[in-house]
Every structure is written in C-alpha cells, then in structure tokens.
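Chemist: This is entry23.cif (mmCIF, C-alpha atoms).
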data_protein
loop_
_atom_site.label_atom_id
_atom_site.label_comp_id
_atom_site.auth_asym_id
_atom_site.auth_seq_id
_atom_site.Cartn_x
_atom_site.Cartn_y
_atom_site.Cartn_z
CA MET A 1 106.94 -31.33 383.52
CA LYS A 2 104.34 -29.36 381.64
CA ARG A 3 105.45 -26.16 383.29
CA LEU A 4 109.00 -26.72 382.22
CA GLY A 5 107.90 -27.22 378.59
CA ILE A 6 105.90 -24.01 378.62
CA VAL A 7 108.81 -22.04 380.09
CA VAL A 8 111.23 -23.40 377.45
CA PHE A 9 108.79 -22.62 374.65
CA CYS A 10 108.33 -19.03 375.84
CA ALA A 11 112.11 -18.55 376.15
CA LEU A 12 112.72 -19.80 372.61
CA THR A 13 109.97 -17.63 371.21
CA ALA A 14 111.38 -14.56 372.92
CA ALA A 15 114.87 -15.35 371.63
CA CYS A 16 113.68 -15.53 368.02
CA SER A 17 112.00 -12.16 368.16
CA GLY A 18 115.28 -10.34 368.74
CA GLY A 19 116.99 -7.88 366.39
CA GLU A 20 118.74 -10.36 364.13
CA HIS A 21 116.37 -9.54 361.20
CA GLU A 22 117.13 -5.84 361.30
CA ASP A 23 118.75 -5.95 357.85
CA LEU A 24 115.48 -7.30 356.39
CA ARG A 25 113.49 -4.47 357.95
CA LEU A 26 115.91 -1.85 356.60
CA TRP A 27 115.69 -3.33 353.10
CA MET A 28 111.87 -3.22 353.21
CA VAL A 29 111.92 0.44 354.29
CA GLU A 30 114.44 1.29 351.55
CA ALA A 31 112.54 -0.63 348.82
CA THR A 32 109.20 0.97 349.62
CA ARG A 33 110.46 4.52 350.09
CA ASP A 34 109.64 5.72 346.52
CA ILE A 35 106.44 3.73 346.11
CA LYS A 36 103.31 5.80 346.23
CA GLY A 37 99.82 4.39 345.80
CA LYS A 38 97.73 5.85 343.02
CA VAL A 39 93.96 5.88 343.33
CA THR A 40 92.09 6.90 340.22
CA PRO A 41 89.32 9.37 340.91
CA LEU A 42 85.74 8.14 340.77
CA PRO A 43 83.84 8.88 337.56
CA GLN A 44 81.60 11.92 337.51
CA ILE A 45 78.04 10.96 338.41
CA ASN A 46 75.37 12.51 336.22
CA VAL A 47 72.48 13.94 338.15
CA TYR A 48 69.21 12.09 337.40
CA GLU A 49 66.55 14.33 335.95
CA SER A 50 63.04 12.93 336.24
CA ALA A 51 60.57 13.39 333.42
CA THR A 52 56.86 13.88 333.82
CA TYR A 53 54.63 11.58 331.75
CA GLU A 54 52.31 13.73 329.70
CA GLY A 55 50.52 11.04 327.67
CA THR A 56 47.65 10.34 330.02
CA ASN A 57 45.10 11.59 327.50
CA LEU A 58 46.52 9.45 324.65
CA PRO A 59 45.13 5.97 323.83
CA ASP A 60 46.78 2.96 325.47
CA PRO A 61 49.38 1.56 323.03
CA PHE A 62 49.01 -1.93 324.52
CA SER A 63 45.25 -2.30 324.20
CA ALA A 64 43.97 -5.17 322.07
CA SER A 65 42.20 -2.79 319.73
CA ARG A 66 45.54 -1.19 318.76
CA ILE A 67 47.18 -4.53 318.05
CA GLY A 68 45.89 -5.93 314.78
CA GLY A 69 42.80 -3.71 314.58
CA GLU A 70 40.51 -6.26 316.19
CA LYS A 71 36.78 -5.56 316.55
CA LYS A 72 34.73 -6.80 319.48
CA VAL A 73 32.08 -9.35 318.57
CA GLY A 74 30.64 -9.61 322.07
CA ARG A 75 31.22 -11.22 325.44
CA GLY A 76 29.87 -14.73 325.74
CA VAL A 77 28.81 -14.87 322.09
CA ASP A 78 30.40 -18.09 320.87
CA PRO A 79 30.56 -17.93 317.05
CA GLY A 80 30.67 -21.73 316.87
CA ARG A 81 27.15 -22.09 318.26
CA ASP A 82 25.32 -21.08 315.12
CA ASN A 83 23.09 -23.61 313.41
CA ARG A 84 25.10 -24.08 310.22
CA PRO A 85 26.82 -27.37 309.47
CA LYS A 86 30.62 -27.42 309.70
CA GLU A 87 32.44 -27.26 306.40
CA PRO A 88 35.25 -29.76 305.66
CA LEU A 89 38.09 -27.20 305.83
CA GLU A 90 37.07 -26.08 309.34
CA SER A 91 38.64 -29.20 310.80
CA TYR A 92 42.14 -28.09 309.70
CA PRO A 93 44.28 -25.36 311.28
CA LEU A 94 44.77 -22.46 308.88
CA GLU A 95 48.55 -22.99 308.92
CA SER A 96 48.16 -26.48 307.43
CA LEU A 97 46.02 -25.33 304.48
CA LYS A 98 47.69 -24.41 301.18
CA TYR A 99 46.27 -22.02 298.60
CA VAL A 100 47.33 -23.64 295.32
CA GLY A 101 45.25 -21.91 292.64
CA ILE A 102 42.26 -19.88 291.56
CA MET A 103 39.43 -20.63 289.12
CA VAL A 104 36.68 -18.34 287.84
CA LYS A 105 33.26 -19.75 287.00
CA ASP A 106 30.44 -17.39 285.91
CA LYS A 107 32.56 -14.42 287.10
CA VAL A 108 32.76 -15.92 290.61
CA PRO A 109 36.30 -16.67 291.83
CA TYR A 110 36.89 -20.05 293.45
CA ALA A 111 40.10 -20.78 295.35
CA VAL A 112 41.67 -24.23 295.22
CA ILE A 113 42.83 -25.30 298.68
CA GLU A 114 44.97 -28.33 299.46
CA ALA A 115 44.43 -30.06 302.80
CA ASP A 116 46.33 -33.28 303.44
CA ALA A 117 46.31 -34.85 299.96
CA SER A 118 42.86 -33.58 298.92
CA LEU A 119 41.85 -30.51 296.93
CA TYR A 120 38.83 -28.34 297.83
CA GLN A 121 37.08 -25.48 296.04
CA VAL A 122 35.97 -22.55 298.18
CA LYS A 123 34.37 -19.20 297.41
CA VAL A 124 33.65 -16.00 299.32
CA GLY A 125 31.44 -16.81 302.32
CA ASN A 126 32.79 -20.33 302.88
CA TYR A 127 34.48 -21.16 306.17
CA MET A 128 37.94 -22.61 306.74
CA GLY A 129 40.41 -22.92 309.61
CA GLN A 130 39.65 -23.66 313.24
CA ASN A 131 38.97 -20.04 314.26
CA PHE A 132 35.62 -19.68 312.48
CA GLY A 133 37.36 -18.08 309.50
CA SER A 134 34.95 -16.77 306.89
CA ILE A 135 36.43 -16.04 303.46
CA ALA A 136 36.04 -12.32 302.77
CA LYS A 137 38.01 -11.92 299.53
CA ILE A 138 39.72 -14.17 296.98
CA GLU A 139 42.45 -12.60 294.86
CA GLU A 140 45.03 -14.13 292.52
CA THR A 141 47.75 -14.28 295.17
CA VAL A 142 45.97 -14.09 298.52
CA ILE A 143 42.81 -15.17 300.34
CA THR A 144 41.56 -12.84 303.07
CA LEU A 145 39.63 -14.34 305.99
CA ASN A 146 37.80 -12.83 308.94
CA GLU A 147 38.45 -15.04 311.97
CA VAL A 148 36.75 -14.85 315.35
CA VAL A 149 38.97 -15.65 318.35
CA GLN A 150 38.83 -15.13 322.10
CA ASP A 151 41.14 -12.53 323.58
CA ALA A 152 42.73 -12.65 327.03
CA ALA A 153 39.64 -11.11 328.63
CA GLY A 154 37.37 -13.83 327.21
CA ASP A 155 35.73 -11.53 324.67
CA TRP A 156 35.27 -12.72 321.10
CA VAL A 157 37.12 -10.44 318.69
CA GLU A 158 37.32 -10.45 314.91
CA ARG A 159 40.73 -10.38 313.23
CA GLU A 160 41.83 -10.49 309.63
CA SER A 161 44.06 -13.34 308.41
CA THR A 162 45.53 -14.11 305.03
CA LEU A 163 46.49 -17.25 303.15
CA LEU A 164 49.09 -16.70 300.42
CA LEU A 165 49.25 -18.53 297.13
CA GLN A 166 51.71 -21.42 297.36
CA GLY A 167 55.10 -20.13 296.21
CA GLN A 168 54.26 -16.48 297.09
CA GLU A 169 55.28 -16.71 300.78
CA GLY A 170 58.25 -14.36 300.62
#
What's the structure tokens form of this structure?
Modeler:
Amino acid sequence: MKRLGIVVFCALTAACSGGEHEDLRLWMVEATRDIKGKVTPLPQINVYESATYEGTNLPDPFSASRIGGEKKVGRGVDPGRDNRPKEPLESYPLESLKYVGIMVKDKVPYAVIEADASLYQVKVGNYMGQNFGSIAKIEETVITLNEVVQDAAGDWVERESTLLLQGQEG
C-alpha cells in the first residue's frame, strides 16, 4: 500500500513538471531582456600617511603641574596635622560659603562671609573651607585662597581658589 502511494505521488509530480508553463517562461525572458544591473563603483580610498611624533622633548600637556599651576607641598606632609586650632569656617565646604561684603578697619581689609545663617569676619591669613584654604588676598569683589589638596598620586599640592562677592558670579 505504501509503495503504491509513493508511485502515484512520483507520477503526479512528474506530470506537473511538464511544458505547460512555457508561456510563463517566455514572458520572464522577454520582460528581463532589457534589464541590466548597475553597480556603482566603490569610492576612492585615500592612502593613509603616517606622521611621526616630534614632541618628545616638549613638556607633558597632561601633567598635574600644567593643569591649574599647582605646586608640590610634599609627599606624606598632611597640612591638617599642624598644631593650630581649627577656625569656624573650616568646617564648611568652600562652595557653601558666601562672600557678602568687605570692611576696612585700621587699613586692614576684613571680608564678611555668610555660612548657614551666621556672618563671620575674616582677614588675610585666616583659614576657611575644608581644603586647608588660607586667605591670601581680599579685594572688593573676590577673595583669593591657597588650598592644599591631595592629587591622584597622593602628593599634597597647593592650588589657588577664589570666592566671588555675592552677586558678582557672572
């Protein structure tokens, strides 16, 4: 029974593959006669020219001394280990302090600093901020501090920071 089914299936398959679709084949040949494929040429490749680096005798542009003009204080010298008592403004980050005014007493300028809701008077030599910032200069619109921070190598470096008069930030 199975053999008979296989024989009938093969006979029907062979009968369908005859030439009765010849008109379809002729139409396909006729329709594709004038069609030509067009391949765009590849773009011209520019030849790579290597350049020789000639700046080996120049200073490293990424060194910490080139960024911000920092000076080395010394490895392992923690500036917070001196014997002076901490001043009140050293417990605040420099970003949270506001320079709100200046006063002059006996030709000595005093800056008025606001921290939280309190006002403090500071002069050159006082400390403020959490990076051991010593006030170097007080001007009408800006306070200049010398801060001591650790760099990525663990060395203590000195950097200059400023605190602008409130309302002068732009």
Chemist: Given the PyMOL selection byres ((chain A and resi 162) around 8) and the file above, list the residues it selects as a PyMOL selection string.
Modeler: chain A and resi 142-145+160-161+163-164
Chemist: Which residue out of A:Pro85, A:Gly154, A:Pro109, A:Pro41 has the minimum interatomic distance to Ile138 of chain A when only C-alpha atoms are used?
Modeler: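 With only C-alpha atoms as the atom set, the closest residue is A:Pro109.
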Chemist: I'd like the interatomic distance between atom CA of Asp60 of chain A and atom CA of Val157 of chain A, to a tenth of an Å.
Modeler: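 These atoms are spaced 17.9 Å apart.
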Chemist: Calculated over all atoms listed in the file, which of the candidates A:Gly129, A:Gly55, A:Gly101, A:Gly37 has the smallest distance to Pro88 of chain A?
Modeler: A:Gly129
Chemist: Using atom CA of Val108 of chain A and atom CA of Glu90 of chain A as the two end points, give the distance in Å to one decimal.
Modeler: 21.7 Å
Chemist: Selected by the PyMOL selection byres ((chain A and resi 104) around 12) in the shown coordinates: which residues, as a compact mmCIF listing (two decimals) with C-alpha atoms, in the frame of the given file?
Modeler:
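Heads up, here's the output in selection_0.txt:
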# COMPACT_ATOMS: atom_id res chain seq x y z
CA GLY A 101 45.25 -21.91 292.64
CA ILE A 102 42.26 -19.88 291.56
CA MET A 103 39.43 -20.63 289.12
CA LYS A 105 33.26 -19.75 287.00
CA ASP A 106 30.44 -17.39 285.91
CA LYS A 107 32.56 -14.42 287.10
CA VAL A 108 32.76 -15.92 290.61
CA PRO A 109 36.30 -16.67 291.83
CA TYR A 110 36.89 -20.05 293.45
CA ALA A 111 40.10 -20.78 295.35
CA VAL A 112 41.67 -24.23 295.22
CA GLN A 121 37.08 -25.48 296.04
CA VAL A 122 35.97 -22.55 298.18
CA LYS A 123 34.37 -19.20 297.41
CA ILE A 138 39.72 -14.17 296.98
CA GLU A 139 42.45 -12.60 294.86
CA GLU A 140 45.03 -14.13 292.52
